[in-house]
$ cat coords.pdb   # PDB, C-alpha atoms and all ligand atoms
ATOM      1  CA  MET A   1       0.000   0.000   0.000
ATOM      2  CA  LYS A   2       1.023   3.632  -0.426
ATOM      3  CA  ILE A   3       2.528   4.895   2.840
ATOM      4  CA  GLU A   4       2.518   8.607   2.035
ATOM      5  CA  GLY A   5      -0.820  10.025   3.113
ATOM      6  CA  SER A   6      -1.817   6.899   5.034
ATOM      7  CA  VAL A   7      -2.780   7.049   8.712
ATOM      8  CA  ALA A   8      -1.009   4.388  10.744
ATOM      9  CA  VAL A   9      -1.543   3.072  14.257
ATOM     10  CA  VAL A  10       1.496   1.220  15.623
ATOM     11  CA  THR A  11       0.956  -0.641  18.895
ATOM     12  CA  GLY A  12       3.957  -0.693  21.221
ATOM     13  CA  GLY A  13       5.167   2.370  19.330
ATOM     14  CA  ASN A  14       7.268   3.774  22.165
ATOM     15  CA  ARG A  15      10.285   1.463  21.937
ATOM     16  CA  GLY A  16      11.947  -1.443  20.149
ATOM     17  CA  PHE A  17      10.730  -2.505  16.737
ATOM     18  CA  GLY A  18       7.530  -0.471  17.111
ATOM     19  CA  ARG A  19       9.459   2.761  17.633
ATOM     20  CA  HIS A  20      11.519   1.960  14.523
ATOM     21  CA  LEU A  21       8.330   1.431  12.507
ATOM     22  CA  VAL A  22       6.910   4.729  13.788
ATOM     23  CA  THR A  23      10.087   6.571  12.771
ATOM     24  CA  ARG A  24      10.156   5.089   9.260
ATOM     25  CA  LEU A  25       6.437   5.706   8.673
ATOM     26  CA  VAL A  26       6.742   9.363   9.729
ATOM     27  CA  GLU A  27       9.749   9.741   7.399
ATOM     28  CA  ARG A  28       7.708   8.317   4.542
ATOM     29  CA  GLY A  29       4.865  10.775   4.957
ATOM     30  CA  ALA A  30       2.297   8.906   7.011
ATOM     31  CA  LYS A  31       0.365  10.341   9.927
ATOM     32  CA  VAL A  32       1.385   8.005  12.713
ATOM     33  CA  TYR A  33      -0.310   7.261  16.004
ATOM     34  CA  ALA A  34       2.376   5.787  18.238
ATOM     35  CA  ALA A  35       0.230   3.725  20.588
ATOM     36  CA  ALA A  36       1.712   3.038  23.996
ATOM     37  CA  ARG A  37       0.681   2.113  27.522
ATOM     38  CA  ARG A  38       2.554   5.254  28.593
ATOM     39  CA  PRO A  39       2.042   7.819  25.815
ATOM     40  CA  GLU A  40       4.509  10.137  27.552
ATOM     41  CA  ALA A  41       7.201   7.615  26.556
ATOM     42  CA  VAL A  42       6.673   8.343  22.843
ATOM     43  CA  ASP A  43       9.650  10.419  21.669
ATOM     44  CA  VAL A  44       9.562  10.254  17.861
ATOM     45  CA  PRO A  45       9.180  13.779  16.427
ATOM     46  CA  GLY A  46       6.047  14.073  14.329
ATOM     47  CA  ALA A  47       4.309  11.023  15.817
ATOM     48  CA  VAL A  48       0.997  11.380  17.642
ATOM     49  CA  PRO A  49       1.062   9.624  21.043
ATOM     50  CA  LEU A  50      -1.998   7.445  21.650
ATOM     51  CA  ARG A  51      -2.775   5.780  24.987
ATOM     52  CA  LEU A  52      -3.363   2.060  24.460
ATOM     53  CA  ASP A  53      -3.018  -1.065  26.560
ATOM     54  CA  ILE A  54      -3.995  -3.858  24.190
ATOM     55  CA  THR A  55      -5.047  -6.143  27.073
ATOM     56  CA  ASP A  56      -7.529  -3.584  28.429
ATOM     57  CA  PRO A  57     -10.783  -3.564  26.408
ATOM     58  CA  ALA A  58     -11.752  -0.085  27.663
ATOM     59  CA  SER A  59      -8.364   1.280  26.587
ATOM     60  CA  VAL A  60      -8.784  -0.324  23.147
ATOM     61  CA  ARG A  61     -12.227   1.310  22.728
ATOM     62  CA  GLU A  62     -10.844   4.694  23.808
ATOM     63  CA  ALA A  63      -7.938   4.485  21.351
ATOM     64  CA  ALA A  64     -10.294   3.516  18.520
ATOM     65  CA  ALA A  65     -12.518   6.489  19.400
ATOM     66  CA  VAL A  66      -9.514   8.802  18.945
ATOM     67  CA  ALA A  67      -7.823   7.329  15.852
ATOM     68  CA  THR A  68     -10.917   7.349  13.670
ATOM     69  CA  ASP A  69      -8.889   8.301  10.579
ATOM     70  CA  ALA A  70      -6.734   5.129  10.639
ATOM     71  CA  THR A  71      -6.041   3.265   7.394
ATOM     72  CA  LEU A  72      -3.140   1.073   8.551
ATOM     73  CA  LEU A  73      -2.888  -0.919  11.771
ATOM     74  CA  ILE A  74       0.391  -2.518  12.814
ATOM     75  CA  ASN A  75      -0.080  -4.951  15.685
ATOM     76  CA  ASN A  76       3.435  -4.890  17.101
ATOM     77  CA  ALA A  77       2.983  -4.792  20.902
ATOM     78  CA  GLY A  78       4.158  -7.959  22.567
ATOM     79  CA  ILE A  79       5.814  -9.552  25.550
ATOM     80  CA  PHE A  80       8.191 -12.467  25.951
ATOM     81  CA  THR A  81       8.407 -14.246  29.287
ATOM     82  CA  SER A  82      10.617 -17.193  28.181
ATOM     83  CA  THR A  83       8.141 -19.453  29.968
ATOM     84  CA  SER A  84       8.177 -23.122  29.018
ATOM     85  CA  LEU A  85       4.796 -24.341  27.742
ATOM     86  CA  ILE A  86       5.419 -27.704  29.401
ATOM     87  CA  ASP A  87       6.428 -26.814  32.953
ATOM     88  CA  GLY A  88       6.486 -23.007  33.087
ATOM     89  CA  ASP A  89       4.230 -20.726  35.113
ATOM     90  CA  VAL A  90       0.664 -20.839  33.748
ATOM     91  CA  GLY A  91       0.141 -17.214  34.780
ATOM     92  CA  ASP A  92       2.960 -16.165  32.438
ATOM     93  CA  ILE A  93       1.493 -18.254  29.623
ATOM     94  CA  ARG A  94      -1.907 -16.621  30.203
ATOM     95  CA  ARG A  95      -0.303 -13.176  30.081
ATOM     96  CA  GLU A  96       1.333 -14.023  26.758
ATOM     97  CA  MET A  97      -1.984 -15.254  25.353
ATOM     98  CA  GLU A  98      -3.846 -12.207  26.715
ATOM     99  CA  THR A  99      -1.323  -9.975  24.960
ATOM    100  CA  HIS A 100      -0.423 -11.700  21.707
ATOM    101  CA  TYR A 101      -3.696 -13.481  20.997
ATOM    102  CA  PHE A 102      -6.651 -11.759  22.698
ATOM    103  CA  GLY A 103      -5.083  -8.293  22.842
ATOM    104  CA  THR A 104      -4.136  -8.330  19.173
ATOM    105  CA  LEU A 105      -7.568  -9.717  18.285
ATOM    106  CA  ASP A 106      -9.347  -7.011  20.288
ATOM    107  CA  VAL A 107      -7.346  -4.217  18.629
ATOM    108  CA  THR A 108      -7.970  -5.746  15.204
ATOM    109  CA  ARG A 109     -11.715  -5.997  15.865
ATOM    110  CA  ALA A 110     -11.780  -2.355  16.994
ATOM    111  CA  PHE A 111      -9.852  -0.981  14.001
ATOM    112  CA  ALA A 112     -11.021  -3.180  11.111
ATOM    113  CA  PRO A 113     -14.357  -1.314  10.777
ATOM    114  CA  ILE A 114     -12.549   2.038  11.008
ATOM    115  CA  ILE A 115     -10.118   1.100   8.238
ATOM    116  CA  GLU A 116     -13.000  -0.181   6.130
ATOM    117  CA  ALA A 117     -14.998   3.029   6.697
ATOM    118  CA  ASN A 118     -11.949   5.027   5.583
ATOM    119  CA  GLY A 119     -11.865   3.246   2.237
ATOM    120  CA  GLY A 120      -9.739   0.234   3.145
ATOM    121  CA  GLY A 121      -6.083  -0.166   3.977
ATOM    122  CA  ALA A 122      -4.036  -2.832   5.707
ATOM    123  CA  ILE A 123      -3.483  -4.674   8.967
ATOM    124  CA  LEU A 124      -0.001  -5.999   9.639
ATOM    125  CA  ASN A 125       0.663  -8.442  12.469
ATOM    126  CA  VAL A 126       4.211  -8.685  13.812
ATOM    127  CA  LEU A 127       4.464 -12.305  14.880
ATOM    128  CA  SER A 128       6.563 -13.897  17.567
ATOM    129  CA  VAL A 129       8.080 -17.345  17.934
ATOM    130  CA  LEU A 130       5.158 -17.746  20.378
ATOM    131  CA  SER A 131       2.757 -17.967  17.439
TER
HETATM  132  N1  LIG B 201      12.946  -8.995  19.584
HETATM  133  C1  LIG B 201      12.863 -10.101  18.860
HETATM  134  O1  LIG B 201      13.833 -10.840  18.655
HETATM  135  C2  LIG B 201      11.551 -10.475  18.213
HETATM  136  C3  LIG B 201      11.556 -11.525  17.341
HETATM  137  C4  LIG B 201      10.360 -11.876  16.721
HETATM  138  C5  LIG B 201       9.220 -11.174  16.993
HETATM  139  N2  LIG B 201       9.229 -10.164  17.885
HETATM  140  C6  LIG B 201       7.985  -9.473  18.120
HETATM  141  O2  LIG B 201       8.105  -8.137  17.664
HETATM  142  C7  LIG B 201       7.317  -7.270  18.477
HETATM  143  C8  LIG B 201       8.183  -6.154  19.021
HETATM  144  O3  LIG B 201       9.291  -6.754  19.670
HETATM  145  P1  LIG B 201      10.426  -5.859  20.369
HETATM  146  O4  LIG B 201      11.652  -6.679  20.391
HETATM  147  O5  LIG B 201      10.442  -4.505  19.770
HETATM  148  O6  LIG B 201       9.836  -5.809  21.860
HETATM  149  P2  LIG B 201      10.125  -4.763  23.059
HETATM  150  O7  LIG B 201      11.328  -3.939  22.791
HETATM  151  O8  LIG B 201      10.048  -5.591  24.301
HETATM  152  O9  LIG B 201       8.845  -3.800  22.974
HETATM  153  C9  LIG B 201       7.580  -4.321  23.197
HETATM  154  C10 LIG B 201       6.581  -3.200  23.021
HETATM  155  O10 LIG B 201       5.278  -3.754  23.211
HETATM  156  C11 LIG B 201       4.623  -2.957  24.203
HETATM  157  N3  LIG B 201       3.611  -3.716  24.935
HETATM  158  C12 LIG B 201       3.738  -4.853  25.635
HETATM  159  N4  LIG B 201       2.572  -5.209  26.178
HETATM  160  C13 LIG B 201       1.677  -4.247  25.816
HETATM  161  C14 LIG B 201       0.306  -4.026  26.074
HETATM  162  N5  LIG B 201      -0.407  -4.876  26.853
HETATM  163  N6  LIG B 201      -0.313  -2.953  25.522
HETATM  164  C15 LIG B 201       0.395  -2.088  24.749
HETATM  165  N7  LIG B 201       1.710  -2.216  24.487
HETATM  166  C16 LIG B 201       2.338  -3.285  25.029
HETATM  167  C17 LIG B 201       5.747  -2.457  25.105
HETATM  168  O11 LIG B 201       5.267  -1.374  25.872
HETATM  169  P3  LIG B 201       5.953  -0.942  27.285
HETATM  170  O12 LIG B 201       7.106  -0.040  26.949
HETATM  171  O13 LIG B 201       4.832  -0.244  28.018
HETATM  172  O14 LIG B 201       6.391  -2.223  27.977
HETATM  173  C18 LIG B 201       6.759  -2.082  24.044
HETATM  174  O15 LIG B 201       6.433  -0.849  23.456
HETATM  175  C19 LIG B 201       6.703  -8.133  19.587
HETATM  176  O16 LIG B 201       5.387  -8.492  19.232
HETATM  177  C20 LIG B 201       7.604  -9.353  19.598
HETATM  178  O17 LIG B 201       6.934 -10.511  20.056
HETATM  179  C21 LIG B 201      10.364  -9.785  18.484
END
$ encode --input "coords.pdb" --output "structure tokens"
Amino acid sequence: MKIEGSVAVVTGGNRGFGRHLVTRLVERGAKVYAAARRPEAVDVPGAVPLRLDITDPASVREAAAVATDATLLINNAGIFTSTSLIDGDVGDIRREMETHYFGTLDVTRAFAPIIEANGGGAILNVLSVLS
């Protein structure tokens, strides 16, 4: 898709790979919502900080109510606990599923209708070895 003129939402946009994506998208002429649990941590010039915890349904609804012009969603936010699926802590495994599976699904469900209403666009999922 054409990046220039698109409106991107990048989850986990405050650091790591997400911050890199935010930087590159801004450089290429997109409006970019850098979504983060702590929006004050967003430091990329030109990016629009957006409060979003992908595991909190109310936070997801609030973010979707703000970024109503989105045409590109990048589901990047993630965690990695190194927990073994066989004998690791089930709480850690649940947290990973709440983040990578249900959190990503909730954000996708919130933004898919917005992207569609804006004429279509794209949803990109950054996967983990967890998948
Ligand atoms: N690093 C690798 O080798 C690697 C390899 C393959 C895939 N990946 C995947 O690539 C993505 C980015 O990885 P990374 O290395 O850049 O990770 P990172 O540096 O640990 O950054 C993770 C980002 O996700 C955010 N995040 C975590 N839980 C969140 C939640 N519930 N709601 C909103 N944001 C949340 C973090 O926010 P906070 O700052 O608030 O914690 C942070 O911005 C992840 O999905 C990861 O699984 C990474």
$ closest_atom_pairs --input "coords.pdb" --of "chain A" --to "ligand LIG 201 (chain B)" --cutoff "8 Å" --atoms "only C-alpha atoms and all ligand atoms" --output "JSON lines"
{"residue": "A:Thr11", "atom": "CA", "partner": "B:LIG201", "partner_atom": "N7", "distance": 5.9}
{"residue": "A:Gly12", "atom": "CA", "partner": "B:LIG201", "partner_atom": "O15", "distance": 3.3}
{"residue": "A:Gly13", "atom": "CA", "partner": "B:LIG201", "partner_atom": "O15", "distance": 5.4}
{"residue": "A:Asn14", "atom": "CA", "partner": "B:LIG201", "partner_atom": "O15", "distance": 4.9}
{"residue": "A:Arg15", "atom": "CA", "partner": "B:LIG201", "partner_atom": "O15", "distance": 4.7}
{"residue": "A:Gly16", "atom": "CA", "partner": "B:LIG201", "partner_atom": "O5", "distance": 3.4}
{"residue": "A:Phe17", "atom": "CA", "partner": "B:LIG201", "partner_atom": "O5", "distance": 3.6}
{"residue": "A:Gly18", "atom": "CA", "partner": "B:LIG201", "partner_atom": "O5", "distance": 5.6}
{"residue": "A:Arg19", "atom": "CA", "partner": "B:LIG201", "partner_atom": "O15", "distance": 7.5}
{"residue": "A:Ala35", "atom": "CA", "partner": "B:LIG201", "partner_atom": "C15", "distance": 7.2}
{"residue": "A:Ala36", "atom": "CA", "partner": "B:LIG201", "partner_atom": "N7", "distance": 5.3}
{"residue": "A:Arg37", "atom": "CA", "partner": "B:LIG201", "partner_atom": "O13", "distance": 4.8}
{"residue": "A:Arg38", "atom": "CA", "partner": "B:LIG201", "partner_atom": "O13", "distance": 6.0}
{"residue": "A:Ala41", "atom": "CA", "partner": "B:LIG201", "partner_atom": "O12", "distance": 7.7}
{"residue": "A:Leu52", "atom": "CA", "partner": "B:LIG201", "partner_atom": "C15", "distance": 5.6}
{"residue": "A:Asp53", "atom": "CA", "partner": "B:LIG201", "partner_atom": "N6", "distance": 3.5}
{"residue": "A:Ile54", "atom": "CA", "partner": "B:LIG201", "partner_atom": "N6", "distance": 4.0}
{"residue": "A:Thr55", "atom": "CA", "partner": "B:LIG201", "partner_atom": "N5", "distance": 4.8}
{"residue": "A:Asp56", "atom": "CA", "partner": "B:LIG201", "partner_atom": "N5", "distance": 7.4}
{"residue": "A:Asn75", "atom": "CA", "partner": "B:LIG201", "partner_atom": "O16", "distance": 7.4}
{"residue": "A:Asn76", "atom": "CA", "partner": "B:LIG201", "partner_atom": "O16", "distance": 4.6}
{"residue": "A:Ala77", "atom": "CA", "partner": "B:LIG201", "partner_atom": "O10", "distance": 3.4}
{"residue": "A:Gly78", "atom": "CA", "partner": "B:LIG201", "partner_atom": "O16", "distance": 3.6}
{"residue": "A:Ile79", "atom": "CA", "partner": "B:LIG201", "partner_atom": "C12", "distance": 5.1}
{"residue": "A:Phe80", "atom": "CA", "partner": "B:LIG201", "partner_atom": "O17", "distance": 6.3}
{"residue": "A:Thr99", "atom": "CA", "partner": "B:LIG201", "partner_atom": "N5", "distance": 5.5}
{"residue": "A:His100", "atom": "CA", "partner": "B:LIG201", "partner_atom": "O16", "distance": 7.1}
{"residue": "A:Gly103", "atom": "CA", "partner": "B:LIG201", "partner_atom": "N5", "distance": 7.0}
{"residue": "A:Val126", "atom": "CA", "partner": "B:LIG201", "partner_atom": "O2", "distance": 5.5}
{"residue": "A:Leu127", "atom": "CA", "partner": "B:LIG201", "partner_atom": "C5", "distance": 5.3}
{"residue": "A:Ser128", "atom": "CA", "partner": "B:LIG201", "partner_atom": "C5", "distance": 3.8}
{"residue": "A:Val129", "atom": "CA", "partner": "B:LIG201", "partner_atom": "C4", "distance": 6.0}
{"residue": "A:Leu130", "atom": "CA", "partner": "B:LIG201", "partner_atom": "O17", "distance": 7.5}
$ axis_aligned_box --input "coords.pdb" --around "region 76-88 of chain A" --padding-each-side "5 Å" --output "lines of an AutoDock Vina configuration file"
center_x = 6.8
center_y = -16.2
center_z = 25.1
size_x = 17.6
size_y = 32.9
size_z = 26.0
$ atom_distance --input "coords.pdb" --atom1 "CA of Val22 (chain A)" --atom2 "CA of Asp69 (chain A)"
16.5 Å
$ atom_distance --input "coords.pdb" --atom1 "CA of Val10 (chain A)" --atom2 "CA of Thr81 (chain A)"
21.8 Å
$ resolve_selection --input "coords.pdb" --expression "the PyMOL selection byres (((chain A and resi 83) around 12) and not hetatm)" --output "PyMOL selection string"
chain A and resi 79-82+84-97+130
$ atom_distance --input "coords.pdb" --atom1 "CA of Ala65 (chain A)" --atom2 "CA of Glu116 (chain A)"
14.9 Å
$ closest_residue --input "coords.pdb" --among "A:Ala110, A:Glu4, A:Phe102, A:Val42" --to "Ala63 (chain A)" --atoms "all atoms listed in the file"
A:Ala110
$ closest_residue --input "coords.pdb" --among "A:Val60, A:Leu73, A:Leu50, A:Ile114" --to "Ala8 (chain A)" --atoms "all atoms listed in the file"
A:Leu73
$ decode --input "coords.pdb" --residues "region 2-129 of chain A" --atoms "C-alpha atoms" --output "mmCIF file, in the first residue's frame"
data_model
loop_
_atom_site.group_PDB
_atom_site.id
_atom_site.type_symbol
_atom_site.label_atom_id
_atom_site.label_comp_id
_atom_site.auth_asym_id
_atom_site.auth_seq_id
_atom_site.Cartn_x
_atom_site.Cartn_y
_atom_site.Cartn_z
ATOM 1 C CA LYS A 2 1.023 3.632 -0.426
ATOM 2 C CA ILE A 3 2.528 4.895 2.840
ATOM 3 C CA GLU A 4 2.518 8.607 2.035
ATOM 4 C CA GLY A 5 -0.820 10.025 3.113
ATOM 5 C CA SER A 6 -1.817 6.899 5.034
ATOM 6 C CA VAL A 7 -2.780 7.049 8.712
ATOM 7 C CA ALA A 8 -1.009 4.388 10.744
ATOM 8 C CA VAL A 9 -1.543 3.072 14.257
ATOM 9 C CA VAL A 10 1.496 1.220 15.623
ATOM 10 C CA THR A 11 0.956 -0.641 18.895
ATOM 11 C CA GLY A 12 3.957 -0.693 21.221
ATOM 12 C CA GLY A 13 5.167 2.370 19.330
ATOM 13 C CA ASN A 14 7.268 3.774 22.165
ATOM 14 C CA ARG A 15 10.285 1.463 21.937
ATOM 15 C CA GLY A 16 11.947 -1.443 20.149
ATOM 16 C CA PHE A 17 10.730 -2.505 16.737
ATOM 17 C CA GLY A 18 7.530 -0.471 17.111
ATOM 18 C CA ARG A 19 9.459 2.761 17.633
ATOM 19 C CA HIS A 20 11.519 1.960 14.523
ATOM 20 C CA LEU A 21 8.330 1.431 12.507
ATOM 21 C CA VAL A 22 6.910 4.729 13.788
ATOM 22 C CA THR A 23 10.087 6.571 12.771
ATOM 23 C CA ARG A 24 10.156 5.089 9.260
ATOM 24 C CA LEU A 25 6.437 5.706 8.673
ATOM 25 C CA VAL A 26 6.742 9.363 9.729
ATOM 26 C CA GLU A 27 9.749 9.741 7.399
ATOM 27 C CA ARG A 28 7.708 8.317 4.542
ATOM 28 C CA GLY A 29 4.865 10.775 4.957
ATOM 29 C CA ALA A 30 2.297 8.906 7.011
ATOM 30 C CA LYS A 31 0.365 10.341 9.927
ATOM 31 C CA VAL A 32 1.385 8.005 12.713
ATOM 32 C CA TYR A 33 -0.310 7.261 16.004
ATOM 33 C CA ALA A 34 2.376 5.787 18.238
ATOM 34 C CA ALA A 35 0.230 3.725 20.588
ATOM 35 C CA ALA A 36 1.712 3.038 23.996
ATOM 36 C CA ARG A 37 0.681 2.113 27.522
ATOM 37 C CA ARG A 38 2.554 5.254 28.593
ATOM 38 C CA PRO A 39 2.042 7.819 25.815
ATOM 39 C CA GLU A 40 4.509 10.137 27.552
ATOM 40 C CA ALA A 41 7.201 7.615 26.556
ATOM 41 C CA VAL A 42 6.673 8.343 22.843
ATOM 42 C CA ASP A 43 9.650 10.419 21.669
ATOM 43 C CA VAL A 44 9.562 10.254 17.861
ATOM 44 C CA PRO A 45 9.180 13.779 16.427
ATOM 45 C CA GLY A 46 6.047 14.073 14.329
ATOM 46 C CA ALA A 47 4.309 11.023 15.817
ATOM 47 C CA VAL A 48 0.997 11.380 17.642
ATOM 48 C CA PRO A 49 1.062 9.624 21.043
ATOM 49 C CA LEU A 50 -1.998 7.445 21.650
ATOM 50 C CA ARG A 51 -2.775 5.780 24.987
ATOM 51 C CA LEU A 52 -3.363 2.060 24.460
ATOM 52 C CA ASP A 53 -3.018 -1.065 26.560
ATOM 53 C CA ILE A 54 -3.995 -3.858 24.190
ATOM 54 C CA THR A 55 -5.047 -6.143 27.073
ATOM 55 C CA ASP A 56 -7.529 -3.584 28.429
ATOM 56 C CA PRO A 57 -10.783 -3.564 26.408
ATOM 57 C CA ALA A 58 -11.752 -0.085 27.663
ATOM 58 C CA SER A 59 -8.364 1.280 26.587
ATOM 59 C CA VAL A 60 -8.784 -0.324 23.147
ATOM 60 C CA ARG A 61 -12.227 1.310 22.728
ATOM 61 C CA GLU A 62 -10.844 4.694 23.808
ATOM 62 C CA ALA A 63 -7.938 4.485 21.351
ATOM 63 C CA ALA A 64 -10.294 3.516 18.520
ATOM 64 C CA ALA A 65 -12.518 6.489 19.400
ATOM 65 C CA VAL A 66 -9.514 8.802 18.945
ATOM 66 C CA ALA A 67 -7.823 7.329 15.852
ATOM 67 C CA THR A 68 -10.917 7.349 13.670
ATOM 68 C CA ASP A 69 -8.889 8.301 10.579
ATOM 69 C CA ALA A 70 -6.734 5.129 10.639
ATOM 70 C CA THR A 71 -6.041 3.265 7.394
ATOM 71 C CA LEU A 72 -3.140 1.073 8.551
ATOM 72 C CA LEU A 73 -2.888 -0.919 11.771
ATOM 73 C CA ILE A 74 0.391 -2.518 12.814
ATOM 74 C CA ASN A 75 -0.080 -4.951 15.685
ATOM 75 C CA ASN A 76 3.435 -4.890 17.101
ATOM 76 C CA ALA A 77 2.983 -4.792 20.902
ATOM 77 C CA GLY A 78 4.158 -7.959 22.567
ATOM 78 C CA ILE A 79 5.814 -9.552 25.550
ATOM 79 C CA PHE A 80 8.191 -12.467 25.951
ATOM 80 C CA THR A 81 8.407 -14.246 29.287
ATOM 81 C CA SER A 82 10.617 -17.193 28.181
ATOM 82 C CA THR A 83 8.141 -19.453 29.968
ATOM 83 C CA SER A 84 8.177 -23.122 29.018
ATOM 84 C CA LEU A 85 4.796 -24.341 27.742
ATOM 85 C CA ILE A 86 5.419 -27.704 29.401
ATOM 86 C CA ASP A 87 6.428 -26.814 32.953
ATOM 87 C CA GLY A 88 6.486 -23.007 33.087
ATOM 88 C CA ASP A 89 4.230 -20.726 35.113
ATOM 89 C CA VAL A 90 0.664 -20.839 33.748
ATOM 90 C CA GLY A 91 0.141 -17.214 34.780
ATOM 91 C CA ASP A 92 2.960 -16.165 32.438
ATOM 92 C CA ILE A 93 1.493 -18.254 29.623
ATOM 93 C CA ARG A 94 -1.907 -16.621 30.203
ATOM 94 C CA ARG A 95 -0.303 -13.176 30.081
ATOM 95 C CA GLU A 96 1.333 -14.023 26.758
ATOM 96 C CA MET A 97 -1.984 -15.254 25.353
ATOM 97 C CA GLU A 98 -3.846 -12.207 26.715
ATOM 98 C CA THR A 99 -1.323 -9.975 24.960
ATOM 99 C CA HIS A 100 -0.423 -11.700 21.707
ATOM 100 C CA TYR A 101 -3.696 -13.481 20.997
ATOM 101 C CA PHE A 102 -6.651 -11.759 22.698
ATOM 102 C CA GLY A 103 -5.083 -8.293 22.842
ATOM 103 C CA THR A 104 -4.136 -8.330 19.173
ATOM 104 C CA LEU A 105 -7.568 -9.717 18.285
ATOM 105 C CA ASP A 106 -9.347 -7.011 20.288
ATOM 106 C CA VAL A 107 -7.346 -4.217 18.629
ATOM 107 C CA THR A 108 -7.970 -5.746 15.204
ATOM 108 C CA ARG A 109 -11.715 -5.997 15.865
ATOM 109 C CA ALA A 110 -11.780 -2.355 16.994
ATOM 110 C CA PHE A 111 -9.852 -0.981 14.001
ATOM 111 C CA ALA A 112 -11.021 -3.180 11.111
ATOM 112 C CA PRO A 113 -14.357 -1.314 10.777
ATOM 113 C CA ILE A 114 -12.549 2.038 11.008
ATOM 114 C CA ILE A 115 -10.118 1.100 8.238
ATOM 115 C CA GLU A 116 -13.000 -0.181 6.130
ATOM 116 C CA ALA A 117 -14.998 3.029 6.697
ATOM 117 C CA ASN A 118 -11.949 5.027 5.583
ATOM 118 C CA GLY A 119 -11.865 3.246 2.237
ATOM 119 C CA GLY A 120 -9.739 0.234 3.145
ATOM 120 C CA GLY A 121 -6.083 -0.166 3.977
ATOM 121 C CA ALA A 122 -4.036 -2.832 5.707
ATOM 122 C CA ILE A 123 -3.483 -4.674 8.967
ATOM 123 C CA LEU A 124 -0.001 -5.999 9.639
ATOM 124 C CA ASN A 125 0.663 -8.442 12.469
ATOM 125 C CA VAL A 126 4.211 -8.685 13.812
ATOM 126 C CA LEU A 127 4.464 -12.305 14.880
ATOM 127 C CA SER A 128 6.563 -13.897 17.567
ATOM 128 C CA VAL A 129 8.080 -17.345 17.934
#
